[in-house]
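S.K.: File work-v4.cif below, mmCIF, C-alpha atoms and all ligand atoms:
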```cif
data_query
loop_
_atom_site.label_atom_id
_atom_site.label_comp_id
_atom_site.auth_asym_id
_atom_site.auth_seq_id
_atom_site.Cartn_x
_atom_site.Cartn_y
_atom_site.Cartn_z
CA MET E 1 77.59 113.24 103.91
CA ASN E 2 79.10 110.43 105.95
CA ILE E 3 82.29 109.05 104.47
CA LEU E 4 84.12 105.83 105.24
CA VAL E 5 87.80 105.40 104.43
CA VAL E 6 89.25 101.89 104.59
CA GLY E 7 92.92 101.81 105.67
CA GLY E 8 95.08 103.27 108.40
CA GLY E 9 98.34 104.68 107.08
CA GLY E 10 99.78 108.00 105.98
CA ARG E 11 98.14 107.72 102.57
CA GLU E 12 94.69 107.38 104.13
CA HIS E 13 95.39 110.34 106.42
CA ALA E 14 96.22 112.43 103.35
CA ILE E 15 93.00 111.29 101.62
CA ILE E 16 90.97 112.08 104.74
CA LYS E 17 92.45 115.57 105.18
CA LYS E 18 91.64 116.36 101.55
CA ILE E 19 88.11 114.94 101.65
CA LYS E 20 87.45 117.02 104.78
CA GLU E 21 87.79 120.17 102.66
CA ASN E 22 84.43 119.37 101.03
CA SER E 23 81.69 121.30 102.82
CA LYS E 24 79.13 118.52 102.28
CA VAL E 25 81.13 116.19 104.53
CA LYS E 26 79.65 115.73 107.97
CA LYS E 27 81.58 112.78 109.35
CA ILE E 28 84.55 110.69 108.28
CA TYR E 29 85.18 107.22 109.67
CA ALA E 30 88.54 105.49 109.26
CA LEU E 31 88.64 101.68 109.43
CA PRO E 32 90.90 101.15 111.29
CA GLY E 33 92.77 104.49 110.98
CA ASN E 34 95.39 105.21 113.63
CA GLY E 35 95.72 107.24 116.81
CA GLY E 36 97.42 110.10 114.96
CA TYR E 37 94.34 111.01 112.91
CA GLY E 38 93.00 112.98 115.90
CA SER E 39 89.96 115.02 115.01
CA ASP E 40 90.37 114.40 111.27
CA ALA E 41 88.38 111.17 111.44
CA GLN E 42 86.70 108.83 113.85
CA CYS E 43 88.78 105.66 113.99
CA VAL E 44 86.90 102.38 114.28
CA PRO E 45 88.84 99.23 115.21
CA ILE E 46 87.86 97.14 112.19
CA ALA E 47 90.72 95.69 110.13
CA ALA E 48 91.01 96.90 106.53
CA THR E 49 90.73 93.28 105.38
CA ASP E 50 87.63 92.39 107.42
CA ILE E 51 85.26 92.97 104.52
CA GLU E 52 82.20 91.54 106.23
CA LYS E 53 82.55 93.89 109.22
CA ILE E 54 83.32 96.86 106.96
CA VAL E 55 80.11 96.32 104.99
CA GLU E 56 78.12 95.81 108.19
CA PHE E 57 79.55 99.05 109.62
CA ALA E 58 78.76 100.98 106.42
CA ARG E 59 75.19 99.69 106.43
CA SER E 60 74.49 100.58 110.03
CA ASN E 61 76.16 104.02 110.02
CA GLU E 62 74.44 105.70 107.07
CA ILE E 63 77.58 105.83 104.98
CA ASP E 64 77.04 107.79 101.75
CA PHE E 65 80.38 107.07 100.12
CA ALA E 66 83.32 104.77 100.78
CA VAL E 67 86.95 104.95 99.72
CA VAL E 68 88.97 101.73 99.80
CA ALA E 69 92.65 102.70 99.79
CA PRO E 70 94.93 99.66 100.42
CA ASP E 71 95.71 96.85 97.97
CA ASP E 72 94.64 93.87 100.09
CA PRO E 73 90.96 94.74 100.57
CA LEU E 74 90.73 95.78 96.91
CA ALA E 75 92.17 92.44 95.79
CA MET E 76 89.71 90.71 98.15
CA GLY E 77 86.72 92.46 96.59
CA ALA E 78 85.87 95.11 99.21
CA VAL E 79 84.45 97.47 96.58
CA ASP E 80 82.31 94.71 95.05
CA GLU E 81 80.80 93.91 98.45
CA LEU E 82 80.23 97.54 99.47
CA GLU E 83 78.55 98.32 96.15
CA LYS E 84 76.41 95.19 96.45
CA ALA E 85 75.25 96.55 99.80
CA GLY E 86 74.27 99.81 98.07
CA ILE E 87 77.26 101.92 99.23
CA PRO E 88 78.83 103.86 96.33
CA SER E 89 82.56 103.22 96.60
CA PHE E 90 85.82 104.51 95.13
CA GLY E 91 88.24 101.80 94.02
CA PRO E 92 88.46 99.01 91.46
CA THR E 93 86.47 95.80 91.70
CA LYS E 94 88.27 92.56 92.49
CA SER E 95 88.38 91.62 88.82
CA ALA E 96 90.16 94.90 87.94
CA ALA E 97 92.41 94.94 91.03
CA ILE E 98 94.18 91.93 89.51
CA ILE E 99 96.21 94.47 87.52
CA GLU E 100 98.22 94.88 90.75
CA SER E 101 97.59 91.61 92.58
CA SER E 102 99.03 89.45 89.78
CA LYS E 103 102.28 90.49 88.12
CA VAL E 104 101.78 87.65 85.63
CA PHE E 105 98.41 89.15 84.65
CA SER E 106 99.81 92.67 84.28
CA LYS E 107 102.83 91.58 82.23
CA ASN E 108 100.66 89.48 79.94
CA LEU E 109 98.25 92.40 79.55
CA MET E 110 101.09 94.72 78.51
CA LYS E 111 102.39 92.16 76.03
CA LYS E 112 98.96 91.39 74.53
CA TYR E 113 98.16 95.08 73.99
CA SER E 114 101.67 96.18 72.94
CA ILE E 115 102.16 98.44 75.97
CA PRO E 116 105.92 99.07 76.36
CA THR E 117 107.43 97.12 79.24
CA ALA E 118 110.52 95.07 80.12
CA ARG E 119 110.97 91.75 78.25
CA TYR E 120 109.98 88.87 80.52
CA GLU E 121 109.16 85.19 80.97
CA VAL E 122 106.76 83.54 83.43
CA PHE E 123 107.69 80.37 85.35
CA ASP E 124 105.76 78.10 87.65
CA SER E 125 108.61 75.63 88.19
CA PRO E 126 111.84 76.55 89.98
CA GLU E 127 113.84 74.15 87.75
CA LYS E 128 112.65 75.81 84.54
CA ALA E 129 113.34 79.24 86.06
CA LYS E 130 116.91 78.21 86.89
CA GLU E 131 117.47 76.78 83.40
CA TYR E 132 116.50 80.17 82.03
CA LEU E 133 118.71 82.00 84.54
CA GLU E 134 121.72 79.89 83.45
CA LYS E 135 121.76 81.67 80.11
CA SER E 136 120.56 85.16 81.17
CA ASP E 137 122.36 88.47 81.34
CA TYR E 138 122.72 90.25 84.71
CA PRO E 139 121.41 92.15 86.59
CA ILE E 140 117.99 90.57 86.17
CA VAL E 141 114.71 91.13 87.99
CA ILE E 142 112.73 88.38 89.73
CA LYS E 143 109.17 89.07 90.87
CA ALA E 144 106.76 86.97 92.89
CA ASP E 145 103.41 86.91 91.07
CA GLY E 146 101.19 88.01 93.97
CA LEU E 147 101.10 90.75 96.60
CA ALA E 148 104.14 90.70 98.89
CA LEU E 149 104.03 93.99 100.84
CA GLY E 150 106.34 95.62 98.30
CA LYS E 151 109.05 93.04 99.04
CA GLY E 152 108.39 90.49 96.29
CA VAL E 153 110.83 92.02 93.79
CA ILE E 154 114.47 90.99 93.81
CA ILE E 155 117.09 92.60 91.61
CA ALA E 156 119.74 89.88 91.23
CA GLU E 157 123.23 91.07 90.37
CA ASP E 158 124.49 87.59 89.46
CA LYS E 159 123.39 83.99 88.99
CA LYS E 160 123.89 83.06 92.64
CA GLN E 161 121.60 85.85 93.86
CA ALA E 162 119.05 84.88 91.22
CA PHE E 163 119.07 81.19 92.24
CA ASP E 164 118.73 82.22 95.92
CA ALA E 165 115.76 84.40 94.99
CA VAL E 166 114.06 81.54 93.13
CA ASP E 167 114.65 79.22 96.10
CA SER E 168 113.28 81.62 98.68
CA VAL E 169 110.24 82.66 96.63
CA MET E 170 109.29 79.32 95.01
CA ASN E 171 110.70 76.63 97.32
CA ASP E 172 110.76 78.25 100.77
CA LYS E 173 107.63 80.25 99.89
CA VAL E 174 108.69 83.32 101.89
CA PHE E 175 105.75 85.17 100.33
CA GLY E 176 103.39 82.18 100.60
CA GLU E 177 101.10 81.50 97.65
CA SER E 178 102.26 84.80 96.08
CA GLY E 179 105.35 82.88 94.97
CA ASN E 180 103.60 80.02 93.11
CA SER E 181 104.56 81.72 89.85
CA ILE E 182 107.31 84.21 89.16
CA VAL E 183 108.10 86.73 86.48
CA ILE E 184 111.74 87.03 85.40
CA GLU E 185 112.35 90.24 83.51
CA GLU E 186 114.96 92.37 81.87
CA PHE E 187 116.55 95.03 84.10
CA LEU E 188 115.65 98.47 82.78
CA GLU E 189 117.82 101.52 83.28
CA GLY E 190 116.64 105.10 83.55
CA PRO E 191 114.91 107.46 85.96
CA GLU E 192 111.87 106.11 87.76
CA VAL E 193 108.57 108.03 87.81
CA SER E 194 105.28 107.34 89.57
CA VAL E 195 102.08 108.68 88.07
CA LEU E 196 98.71 108.25 89.73
CA SER E 197 95.63 108.76 87.61
CA PHE E 198 91.89 108.97 88.07
CA THR E 199 89.89 106.86 85.66
CA ASP E 200 86.25 105.90 85.33
CA GLY E 201 87.04 103.39 82.59
CA LYS E 202 86.34 105.98 79.87
CA THR E 203 88.30 109.10 80.77
CA VAL E 204 91.84 109.05 82.17
CA VAL E 205 93.13 112.04 84.13
CA PRO E 206 96.75 111.73 85.26
CA MET E 207 97.68 113.51 88.48
CA VAL E 208 100.92 115.40 89.03
CA SER E 209 103.91 113.02 88.75
CA SER E 210 106.08 112.10 91.72
CA MET E 211 109.35 110.49 92.75
CA ASP E 212 109.59 107.95 95.57
CA HIS E 213 112.67 107.14 97.68
CA LYS E 214 112.28 103.43 98.39
CA ARG E 215 115.61 102.57 99.99
CA ALA E 216 116.13 102.94 103.72
CA LEU E 217 119.40 104.90 103.68
CA ASP E 218 120.76 108.10 102.18
CA GLY E 219 122.20 107.80 98.69
CA ASP E 220 119.56 105.17 97.82
CA LYS E 221 121.35 102.50 99.83
CA GLY E 222 120.07 99.86 102.24
CA SER E 223 116.92 97.75 102.18
CA ASN E 224 113.78 98.49 100.24
CA THR E 225 111.08 100.09 102.38
CA GLY E 226 107.49 101.16 101.85
CA GLY E 227 108.94 104.57 100.89
CA MET E 228 111.01 107.05 102.93
CA GLY E 229 109.90 110.21 101.18
CA THR E 230 108.59 111.69 97.95
CA VAL E 231 108.68 114.80 95.85
CA ALA E 232 106.27 116.12 93.23
CA PRO E 233 106.38 116.90 90.40
CA ASN E 234 109.06 114.54 89.11
CA PRO E 235 111.41 116.69 87.00
CA TYR E 236 112.02 113.87 84.51
CA TYR E 237 108.33 113.69 83.65
CA THR E 238 108.29 116.50 81.11
CA ALA E 239 105.22 117.45 79.05
CA ASP E 240 106.58 115.42 76.11
CA VAL E 241 107.10 112.34 78.24
CA ALA E 242 103.64 112.80 79.74
CA ASN E 243 102.06 112.93 76.27
CA GLU E 244 103.92 109.84 75.17
CA CYS E 245 102.86 107.96 78.32
CA MET E 246 99.23 108.98 77.84
CA GLU E 247 99.22 107.71 74.28
CA LYS E 248 101.32 104.55 74.70
CA ILE E 249 100.56 103.47 78.24
CA PHE E 250 97.62 105.11 80.05
CA LEU E 251 94.93 105.04 77.35
CA PRO E 252 95.94 101.59 76.01
CA THR E 253 95.87 100.16 79.56
CA VAL E 254 92.38 101.45 80.33
CA SER E 255 91.11 100.27 76.96
CA ALA E 256 92.84 96.88 77.41
CA MET E 257 91.09 96.39 80.76
CA ASN E 258 87.76 97.18 79.10
CA LYS E 259 88.46 94.66 76.35
CA GLU E 260 89.34 92.06 78.96
CA GLY E 261 85.95 92.62 80.58
CA ARG E 262 87.62 94.06 83.68
CA PRO E 263 86.88 97.80 83.45
CA PHE E 264 89.22 99.69 85.80
CA ILE E 265 87.50 102.37 87.88
CA GLY E 266 89.45 104.16 90.59
CA CYS E 267 93.05 105.29 90.94
CA LEU E 268 95.42 103.60 88.53
CA TYR E 269 99.05 103.96 89.55
CA LEU E 270 101.66 103.62 86.90
CA GLY E 271 105.27 102.86 87.83
CA LEU E 272 107.50 103.87 84.92
CA ARG E 273 111.10 103.82 83.93
CA LEU E 274 112.22 106.37 81.35
CA THR E 275 114.69 104.32 79.31
CA LYS E 276 116.72 105.49 76.35
CA ASN E 277 114.19 103.61 74.21
CA GLY E 278 111.27 105.55 75.68
CA PRO E 279 109.05 105.19 78.77
CA LYS E 280 108.30 101.63 79.86
CA GLY E 281 105.77 100.33 82.35
CA ILE E 282 107.40 98.70 85.37
CA GLU E 283 104.27 98.01 87.35
CA TYR E 284 100.65 98.90 87.93
CA ASN E 285 99.13 99.49 91.31
CA CYS E 286 95.35 99.59 91.65
CA ARG E 287 95.31 102.37 94.27
CA PHE E 288 96.93 105.54 95.54
CA GLY E 289 100.62 105.04 96.40
CA ASP E 290 102.08 105.62 99.85
CA PRO E 291 103.90 108.07 100.26
CA GLU E 292 103.17 109.43 96.75
CA THR E 293 99.67 110.47 97.85
CA GLN E 294 101.22 112.63 100.58
CA VAL E 295 102.78 114.92 97.93
CA VAL E 296 100.19 114.59 95.15
CA LEU E 297 97.02 115.46 97.07
CA PRO E 298 98.39 118.64 98.70
CA LEU E 299 98.90 119.93 95.14
CA LEU E 300 95.34 119.09 94.05
CA LYS E 301 93.36 122.31 93.71
CA SER E 302 90.03 120.67 92.83
CA ASP E 303 87.73 118.89 95.24
CA LEU E 304 88.85 115.30 95.85
CA LEU E 305 85.48 113.96 96.98
CA ASP E 306 83.73 115.44 93.93
CA ILE E 307 86.32 113.77 91.68
CA MET E 308 86.02 110.43 93.45
CA MET E 309 82.24 110.56 93.19
CA ALA E 310 82.51 111.39 89.48
CA VAL E 311 84.85 108.42 88.97
CA GLN E 312 82.36 106.15 90.73
CA SER E 313 79.42 107.42 88.67
CA SER E 314 81.33 107.35 85.34
CA THR E 315 81.16 111.14 84.88
CA LEU E 316 84.84 111.98 85.30
CA SER E 317 84.85 113.98 82.05
CA GLU E 318 82.38 116.41 83.63
CA VAL E 319 84.49 117.52 86.61
CA SER E 320 87.59 119.68 86.65
CA VAL E 321 90.80 118.15 87.99
CA GLU E 322 93.39 120.87 88.50
CA PHE E 323 96.80 120.78 90.11
CA SER E 324 98.83 123.68 91.43
CA ASP E 325 102.13 124.62 89.73
CA GLU E 326 103.90 124.41 93.05
CA CYS E 327 106.17 121.63 94.33
CA ALA E 328 105.76 119.32 97.32
CA CYS E 329 108.12 117.24 99.43
CA CYS E 330 107.22 114.59 102.01
CA VAL E 331 109.80 113.38 104.52
CA VAL E 332 108.97 110.16 106.35
CA LYS E 333 110.02 109.78 109.97
CA ALA E 334 110.46 106.13 110.87
CA SER E 335 111.46 104.03 113.86
CA SER E 336 115.18 103.38 113.77
CA GLY E 337 115.83 99.89 112.38
CA TYR E 338 112.86 99.93 109.97
CA PRO E 339 112.24 98.00 107.68
CA LYS E 340 113.85 95.31 109.82
CA LYS E 341 113.65 95.17 113.62
CA TYR E 342 112.56 98.29 115.46
CA GLU E 343 111.13 99.33 118.81
CA LYS E 344 107.86 101.13 119.30
CA GLY E 345 105.87 102.79 122.07
CA TYR E 346 107.83 106.08 122.26
CA GLU E 347 105.99 109.33 122.82
CA ILE E 348 105.59 111.60 119.78
CA THR E 349 105.67 115.34 120.45
CA VAL E 350 104.75 118.08 118.00
CA SER E 351 106.21 121.42 118.99
CA ALA E 352 103.88 124.42 119.21
CA ASP E 353 105.79 126.16 116.42
CA PHE E 354 105.17 123.38 113.87
CA PRO E 355 104.50 125.51 110.77
CA GLN E 356 100.81 126.05 110.14
CA ASP E 357 101.15 125.50 106.41
CA ALA E 358 103.00 122.17 106.70
CA LEU E 359 101.06 118.91 106.76
CA LEU E 360 101.47 116.08 109.22
CA TYR E 361 100.28 112.63 108.16
CA PHE E 362 100.34 109.83 110.70
CA ALA E 363 101.02 106.22 109.74
CA GLY E 364 102.24 104.19 112.74
CA ALA E 365 100.89 105.96 115.81
CA LYS E 366 98.52 105.08 118.63
CA ASN E 367 96.81 106.98 121.39
CA GLU E 368 97.35 105.69 124.89
CA GLY E 369 96.35 107.47 128.08
CA GLY E 370 96.15 110.78 126.25
CA LYS E 371 99.63 110.37 124.79
CA LEU E 372 100.54 109.77 121.17
CA LEU E 373 102.98 106.85 120.86
CA THR E 374 104.95 105.35 117.99
CA ASN E 375 103.35 102.14 116.77
CA GLY E 376 105.01 101.10 113.53
CA GLY E 377 108.00 101.27 111.22
CA ARG E 378 106.96 104.33 109.31
CA VAL E 379 105.57 106.60 112.02
CA LEU E 380 104.59 109.76 110.14
CA GLY E 381 105.23 111.93 107.12
CA VAL E 382 105.73 115.69 106.99
CA THR E 383 104.78 117.44 103.75
CA ALA E 384 105.52 120.99 102.69
CA VAL E 385 104.54 122.88 99.55
CA ALA E 386 106.52 125.76 98.02
CA ASP E 387 107.07 127.54 94.71
CA THR E 388 110.24 125.58 94.05
CA LEU E 389 111.30 122.03 94.82
CA GLU E 390 114.28 123.36 96.75
CA GLY E 391 111.95 125.45 98.89
CA ALA E 392 109.59 122.53 99.51
CA VAL E 393 112.47 120.26 100.59
CA LYS E 394 113.85 122.89 102.97
CA LYS E 395 110.44 123.57 104.47
CA ALA E 396 109.62 119.88 104.88
CA TYR E 397 112.87 119.19 106.73
CA SER E 398 112.51 122.20 108.96
CA ALA E 399 108.93 121.15 109.83
CA ALA E 400 110.08 117.55 110.37
CA ASP E 401 112.47 118.85 113.06
CA LYS E 402 109.47 120.13 115.01
CA VAL E 403 108.16 116.58 115.47
CA LYS E 404 110.15 114.35 117.78
CA PHE E 405 110.22 110.87 119.25
CA ASP E 406 112.94 108.65 120.70
CA ASN E 407 114.62 106.27 118.32
CA GLU E 408 113.56 108.25 115.28
CA TYR E 409 115.12 107.91 111.85
CA MET E 410 114.71 109.77 108.58
CA ARG E 411 116.66 110.06 105.37
CA THR E 412 118.39 113.41 105.01
CA ASP E 413 118.46 113.49 101.21
CA ILE E 414 114.83 113.36 100.07
CA GLY E 415 114.58 115.45 96.90
CA LYS E 416 118.33 115.47 96.21
CA ARG E 417 118.05 113.19 93.19
CA ALA E 418 115.27 115.35 91.74
CA LEU E 419 117.18 118.59 92.40
CA SER E 420 120.20 117.30 90.53
CA ALA E 421 118.19 115.81 87.65
CA ASP E 422 119.86 116.23 84.28
CA ILE E 423 117.00 116.72 81.87
N1 LIG Q 1 112.47 95.56 85.13
C1 LIG Q 1 112.97 96.34 86.07
N2 LIG Q 1 114.12 97.00 85.85
C2 LIG Q 1 114.67 97.78 86.82
N3 LIG Q 1 114.14 97.96 88.02
C3 LIG Q 1 112.99 97.32 88.31
C4 LIG Q 1 112.34 96.48 87.36
N4 LIG Q 1 111.21 95.99 87.91
C5 LIG Q 1 111.17 96.49 89.16
N5 LIG Q 1 112.21 97.29 89.41
C6 LIG Q 1 112.49 98.04 90.66
O1 LIG Q 1 111.91 97.35 91.75
C7 LIG Q 1 110.92 98.15 92.38
C8 LIG Q 1 109.77 97.28 92.81
O2 LIG Q 1 109.19 96.66 91.66
P1 LIG Q 1 107.61 96.62 91.47
O3 LIG Q 1 107.15 98.02 91.47
O4 LIG Q 1 107.27 95.76 90.32
O5 LIG Q 1 107.22 95.86 92.81
P2 LIG Q 1 106.06 96.05 93.86
O6 LIG Q 1 106.32 95.04 94.90
O7 LIG Q 1 104.75 95.98 93.17
O8 LIG Q 1 106.32 97.51 94.42
P3 LIG Q 1 105.31 98.54 95.13
O9 LIG Q 1 105.42 98.23 96.58
O10 LIG Q 1 105.89 99.88 94.75
O11 LIG Q 1 103.95 98.32 94.56
C9 LIG Q 1 110.54 99.19 91.32
O12 LIG Q 1 110.06 100.37 91.92
C10 LIG Q 1 111.86 99.39 90.60
O13 LIG Q 1 112.68 100.29 91.28
MG MG Q 2 103.16 97.19 93.14
#
```
How would this structure read if it were set down as structure tokens?
Ligand SMILES: Nc1ncnc2c1ncn2[C@@H]1O[C@H](COP(=O)(O)OP(=O)(O)OP(=O)(O)O)[C@@H](O)[C@H]1O
Ligand SMILES: [Mg+2]
M.R.:
Amino acid sequence: MNILVVGGGGREHAIIKKIKENSKVKKIYALPGNGGYGSDAQCVPIAATDIEKIVEFARSNEIDFAVVAPDDPLAMGAVDELEKAGIPSFGPTKSAAIIESSKVFSKNLMKKYSIPTARYEVFDSPEKAKEYLEKSDYPIVIKADGLALGKGVIIAEDKKQAFDAVDSVMNDKVFGESGNSIVIEEFLEGPEVSVLSFTDGKTVVPMVSSMDHKRALDGDKGSNTGGMGTVAPNPYYTADVANECMEKIFLPTVSAMNKEGRPFIGCLYLGLRLTKNGPKGIEYNCRFGDPETQVVLPLLKSDLLDIMMAVQSSTLSEVSVEFSDECACCVVKASSGYPKKYEKGYEITVSADFPQDALLYFAGAKNEGGKLLTNGGRVLGVTAVADTLEGAVKKAYSAADKVKFDNEYMRTDIGKRALSADI
């Protein structure tokens, strides 16, 4: 089979490495991929958002199955167009991807179907938003409606910060049209959990839970990033919590999307906070998370391509989806300065004694004159699997030391929060 994967980050590298394990796979193309994928895939310089070119490429290269990984092409209808061209594809249609691309839609969905979430109001006028903020309790959470590269959420500690957030999102339009409407919601306290799930619109199969580390600096300080590291499973996500989430959040969400005439087929990502009043939905994503995928897929024992094909053909209940009992840790190595200003173009070297059982996923790398160079904020992720979380963390850090580039930066405390979890 010839497979096409749309996207070019660490998440897509993890998907590609896993799909490669299927013996039916002959060739994998990554659009656009990145120079670090090496022999794992053939990278083709077509942007993930250039839907017309993606479809044209799929048509003329005998693609048997496509996986669309990032949010933007999904929200733009990449899966609709590929399927129209006769290419079976993994990922939600445009009408279902709205569950991530509009926070107003997802909050209203949760309210309409009594899915537990933070109390909220929607505003499309900055004046009305400020009137509401005058009489609110703090901290409070302000979210731009549309996609904003993970930066459209502001946790305001006081009224001044909240007013500034409204001004920058709604008046200065720092996120463009994404800020035409905003959601203002109650700040929820409690451990955060990410759960990815496979669903074909009928069956829902949650994957192993994970914990992201979004802030740039140790101790969860500094700016929000795309994610500096992850561990799986998330110790707070016990079997009881998982059952409660299945019953109150997962199944109701999939059934709500069906009732709305927007059946969700693909990977549904649930961002949760475990509050003292039970688990609450913080957000939905319509795709695999990055870097959650880099710890979840290494623990998947079943065949990823078979599962994805079963999701696409609405036969998910017929395939087995099994995860190992082990633990995984992914440490992201970034360019110093990320997520703000950083330099790129430094050579990346992987030492010959990089452990054979550790995994290296490239995100911001390019190949130039036979050398691998840094080419982004998050450069790569190193994942290790072990019997215990402690073991996985240790192994991941020791493997991360075998990969080097100038100006590198990583957090030194990935997994610490999970290891000290009081459950
Ligand atoms: N109501 C809330 N209470 C407390 N924290 C919140 C709340 N809403 C969001 N957050 C925090 O802000 C982060 C980002 O929020 P959210 O996930 O809605 O934004 P996003 O831009 O869609 O993020 P992502 O890039 O992960 O998709 C959450 O992971 C969570 O830590
Ligand atoms: Mg999101």
S.K.: Which residue, E:Asp212, E:Asp200, E:Glu247, E:Asp164, has the smallest gap to ligand LIG 1 (chain Q) when you use all atoms listed in the file?
M.R.: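 With all atoms listed in the file as the atom set, the closest residue is E:Asp212.
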S.K.: Please provide the set of residues having any atom within 12 Å of E:Ser102, restricted to all atoms listed in the file, with same-chain residues fewer than 5 positions apart removed, written as a list in words.
M.R.: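 My reading of the contact set: Asp71, Ala75, Lys94, Ser95, Ala96, Ala97, Lys107, Asn108, Leu109, Val122, Lys143, Ala144, Asp145, Gly146, Leu147, Ala148, Gly152, Glu177, Ser178, Gly179, Asn180, Ser181, Ile182, Val183, Glu283, Tyr284, Asn285 and Cys286 of chain E.
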S.K.: Could you list, as a VMD selection string, all the residues within 7 Å of ligand LIG 1 (chain Q), counting all atoms listed in the file?
M.R.: chain E and resid 118 141 143 147 to 153 185 to 189 192 226 271 282 to 283 285
S.K.: Select, from E:Asp158, E:Asp290, E:Glu244, E:Glu83, the residue with the minimum atom-to-atom distance to ligand MG 2 (chain Q), counting all atoms listed in the file.
M.R.: E:Asp290
S.K.: Which residue is closest to ligand MG 2 (chain Q)? Choose from E:Ser136, E:Thr203, E:Asn277, E:Ser101 and count only C-alpha atoms and all ligand atoms.
M.R.: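 Using only C-alpha atoms and all ligand atoms, ligand MG 2 (chain Q) sits closest to E:Ser101.
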S.K.: Please tell me which residues are no farther than 9 Å from (94.2, 102.3, 89.4) in the file, counting only C-alpha atoms, and write them as a list of chain:residue names.
M.R.: E:Gly91, E:Pro92, E:Ala96, E:Ala97, E:Ile99, E:Glu100, E:Leu196, E:Ser197, E:Phe198, E:Thr199, E:Phe264, E:Ile265, E:Gly266, E:Cys267, E:Leu268, E:Tyr269, E:Leu270, E:Tyr284, E:Asn285, E:Cys286, E:Arg287, E:Phe288
S.K.: Quick one: everything within 8 Å of stretch 331-340 of chain E, counting all atoms listed in the file, minus sequence neighbours fewer than 2 positions away in the same chain. Send it as a PyMOL selection string.
M.R.: chain E and resi 216+223-225+227-230+329+342-344+374+376-383+396-397+400+407-411+414
S.K.: In Å, how far is it from atom CA of E:Ser89 to atom CA of E:Ser317?
M.R.: 18.2 Å
